[in-house]
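Chemist: Take a look at the following structure, please.
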Amino acid sequence: MRIRDCTDADWRQVWPIVEDVLTAGDTFVYDPTWPAEVAREVWLERPPGRTSVAVDDDGVVLGTAKMGANKPGPGSHVATASFMVAAGARGRGVGRALCEDALDWARRQGFAAMQFNAVVETNVAAVELYRRLGFTVVGTVPQAFAHPREGRVGLHVMHRFL
């Protein structure tokens with residue numbers, strides 16, 4: 001597996017991953033009814049941000065990430081990132097590789113820290129991965145996410161210095 005910048009041509013493989021994650025409605029605060037055009041506008045970061053893909057040896061997209069400044073102006077020294085992995089590629093280290101790549105990118109760009117603003121507390125795999133990569137939960141917004149099966153659950157804010 002290798003990670004590279006996402007190209008326009010990759011969207012045809014990225015969209016089914018995004019659509020699957022949005023439709024599930026259990027890990028992202030994005031609207032599950034977004035059409036491809038809206039999702040593309042939100043997911044594909046413009047420079048100086050970055051969108052990447054993890055691809056296998058045959059060029060099949062296994063996952064995707066987006067990253068950039070968490071906030072503009074006085075908050076622009078803190079990066080943020082989001083990750084989506086294809087259902088068939090989960091549990092194979094794709095998410096970890098994408099997150100490590102995003103951390104490396106943020107360091108190279110001169111960010112001081114990375115913050116995730118809305119990690120659904122029931123997304124145990126993501127929370128544990130981020131903890132293993134040095135993130136801590138700095139707070140949880142109670143009942144801020146309407147989970148399709150669990151009802152209202154918390155959203156973690158996670159942070160780590162670079």
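Lettering and numbering for the structure tokens are positional, with chains as A, B, ... in the shown order, residues counted from 1 in each chain, and ligands counted from 1 in the shown order.
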Near stretch 78-90 of chain A, within 10 Å and counting only C-alpha atoms, which residues show up once chain neighbours fewer than 6 positions away are dropped, as a PyMOL selection string?

Modeler: chain A and resi 13-14+16-18+20-22+27-28+43+49-54+61-72+96+98-99+102-103+105-107+109-119+125-126+158-162

Chemist: What are the DSSP alpha helix (DSSP H) residues of stretch 12-94 of chain A, as a list in words?

Modeler: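 Residues of stretch 12-94 of chain A classed as alpha helix (DSSP H): Arg12, Gln13, Val14, Trp15, Pro16, Ile17, Val18, Glu19, Asp20, Val21, Leu22, Thr23, Ala24, Ala36, Glu37, Val38, Ala39, Arg40, Glu41, Val42, Trp43 and Val94 of chain A.
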
Chemist: Can you write just those residues out, N, CA and C atoms, as a PDB file, in the first residue's frame?

Modeler:
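The file below, part01.pdb, is the result:
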```pdb
ATOM      1  N   ARG A  12     -13.732   8.902  -8.632  1.00  0.00           N
ATOM      2  CA  ARG A  12     -14.658   7.798  -8.962  1.00  0.00           C
ATOM      3  C   ARG A  12     -14.484   6.615  -8.010  1.00  0.00           C
ATOM      4  N   GLN A  13     -13.298   6.463  -7.413  1.00  0.00           N
ATOM      5  CA  GLN A  13     -13.088   5.417  -6.413  1.00  0.00           C
ATOM      6  C   GLN A  13     -13.275   5.939  -4.985  1.00  0.00           C
ATOM      7  N   VAL A  14     -13.041   7.220  -4.781  1.00  0.00           N
ATOM      8  CA  VAL A  14     -13.194   7.807  -3.449  1.00  0.00           C
ATOM      9  C   VAL A  14     -14.669   7.957  -3.102  1.00  0.00           C
ATOM     10  N   TRP A  15     -15.489   8.378  -4.067  1.00  0.00           N
ATOM     11  CA  TRP A  15     -16.903   8.625  -3.787  1.00  0.00           C
ATOM     12  C   TRP A  15     -17.609   7.411  -3.179  1.00  0.00           C
ATOM     13  N   PRO A  16     -17.442   6.186  -3.670  1.00  0.00           N
ATOM     14  CA  PRO A  16     -18.131   5.065  -3.021  1.00  0.00           C
ATOM     15  C   PRO A  16     -17.728   4.870  -1.549  1.00  0.00           C
ATOM     16  N   ILE A  17     -16.480   5.176  -1.217  1.00  0.00           N
ATOM     17  CA  ILE A  17     -16.039   5.088   0.180  1.00  0.00           C
ATOM     18  C   ILE A  17     -16.752   6.157   0.995  1.00  0.00           C
ATOM     19  N   VAL A  18     -16.734   7.385   0.503  1.00  0.00           N
ATOM     20  CA  VAL A  18     -17.399   8.494   1.199  1.00  0.00           C
ATOM     21  C   VAL A  18     -18.893   8.210   1.324  1.00  0.00           C
ATOM     22  N   GLU A  19     -19.501   7.782   0.249  1.00  0.00           N
ATOM     23  CA  GLU A  19     -20.941   7.497   0.261  1.00  0.00           C
ATOM     24  C   GLU A  19     -21.287   6.425   1.285  1.00  0.00           C
ATOM     25  N   ASP A  20     -20.482   5.370   1.357  1.00  0.00           N
ATOM     26  CA  ASP A  20     -20.718   4.287   2.314  1.00  0.00           C
ATOM     27  C   ASP A  20     -20.638   4.806   3.750  1.00  0.00           C
ATOM     28  N   VAL A  21     -19.615   5.610   4.037  1.00  0.00           N
ATOM     29  CA  VAL A  21     -19.447   6.155   5.387  1.00  0.00           C
ATOM     30  C   VAL A  21     -20.592   7.116   5.726  1.00  0.00           C
ATOM     31  N   LEU A  22     -20.954   7.976   4.790  1.00  0.00           N
ATOM     32  CA  LEU A  22     -22.044   8.925   5.042  1.00  0.00           C
ATOM     33  C   LEU A  22     -23.368   8.202   5.249  1.00  0.00           C
ATOM     34  N   THR A  23     -23.650   7.231   4.407  1.00  0.00           N
ATOM     35  CA  THR A  23     -24.913   6.500   4.492  1.00  0.00           C
ATOM     36  C   THR A  23     -25.030   5.743   5.807  1.00  0.00           C
ATOM     37  N   ALA A  24     -23.922   5.194   6.290  1.00  0.00           N
ATOM     38  CA  ALA A  24     -23.950   4.482   7.576  1.00  0.00           C
ATOM     39  C   ALA A  24     -24.352   5.436   8.697  1.00  0.00           C
ATOM     40  N   ALA A  36     -23.097  13.324  -4.490  1.00  0.00           N
ATOM     41  CA  ALA A  36     -21.663  13.246  -4.765  1.00  0.00           C
ATOM     42  C   ALA A  36     -21.032  14.623  -4.937  1.00  0.00           C
ATOM     43  N   GLU A  37     -21.745  15.549  -5.565  1.00  0.00           N
ATOM     44  CA  GLU A  37     -21.171  16.872  -5.827  1.00  0.00           C
ATOM     45  C   GLU A  37     -20.883  17.630  -4.527  1.00  0.00           C
ATOM     46  N   VAL A  38     -21.802  17.540  -3.574  1.00  0.00           N
ATOM     47  CA  VAL A  38     -21.618  18.227  -2.292  1.00  0.00           C
ATOM     48  C   VAL A  38     -20.497  17.549  -1.501  1.00  0.00           C
ATOM     49  N   ALA A  39     -20.530  16.231  -1.464  1.00  0.00           N
ATOM     50  CA  ALA A  39     -19.487  15.492  -0.739  1.00  0.00           C
ATOM     51  C   ALA A  39     -18.111  15.780  -1.329  1.00  0.00           C
ATOM     52  N   ARG A  40     -18.038  15.854  -2.634  1.00  0.00           N
ATOM     53  CA  ARG A  40     -16.755  16.157  -3.279  1.00  0.00           C
ATOM     54  C   ARG A  40     -16.240  17.532  -2.869  1.00  0.00           C
ATOM     55  N   GLU A  41     -17.125  18.505  -2.851  1.00  0.00           N
ATOM     56  CA  GLU A  41     -16.745  19.871  -2.474  1.00  0.00           C
ATOM     57  C   GLU A  41     -16.230  19.916  -1.041  1.00  0.00           C
ATOM     58  N   VAL A  42     -16.850  19.152  -0.150  1.00  0.00           N
ATOM     59  CA  VAL A  42     -16.448  19.142   1.255  1.00  0.00           C
ATOM     60  C   VAL A  42     -15.176  18.309   1.469  1.00  0.00           C
ATOM     61  N   TRP A  43     -15.085  17.156   0.804  1.00  0.00           N
ATOM     62  CA  TRP A  43     -13.982  16.232   1.080  1.00  0.00           C
ATOM     63  C   TRP A  43     -12.663  16.643   0.432  1.00  0.00           C
ATOM     64  N   VAL A  94      -4.947   0.452   7.110  1.00  0.00           N
ATOM     65  CA  VAL A  94      -5.107   1.582   6.190  1.00  0.00           C
ATOM     66  C   VAL A  94      -5.329   2.876   6.967  1.00  0.00           C
TER      67      VAL A  94
END
```

Chemist: Step one, run DSSP on the backbone; step two, keep only residues of stretch 63-157 of chain A assigned to strand (DSSP E); then write them as a PyMOL selection string.

Modeler: chain A and resi 63-69+78-85+113-120+136-147+151-157

Chemist: Can you tell me, as a list in words, what residues are no more than 12 Å from A:Thr122 when counting only C-alpha atoms, ignoring any on the same chain fewer than 4 positions away?

Modeler: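 With the cut-off at 12 Å, the set is Asp26, Thr27, Phe28, Ala118, Ala126, Val127, Glu128, Thr140, Gln143, Phe145, Ala146, His147, Pro148, Arg149, Glu150, Gly151, Arg152, Val153, Gly154, Leu155 and His156 of chain A.
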
Chemist: Would you work out the distance separating atom CA of A:Arg46 from atom CA of A:Gly25, expressed in Å to one decimal?

Modeler: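 Going from atom CA of A:Arg46 over to atom CA of A:Gly25 covers 25.0 Å.
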
Chemist: Find the distance between atom CA of A:Ala144 and atom CA of A:Gly73 and write it in Å to one decimal.

Modeler: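 Value for the atom CA of A:Ala144-atom CA of A:Gly73 distance: 26.2 Å.
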
Chemist: Return the single residue from A:Pro35, A:Asp101, A:Asp56, A:Gly93 that is closest to A:Asp5, with distances computed using only C-alpha atoms.

Modeler: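 Distance minimum relative to A:Asp5 lands on A:Asp101.
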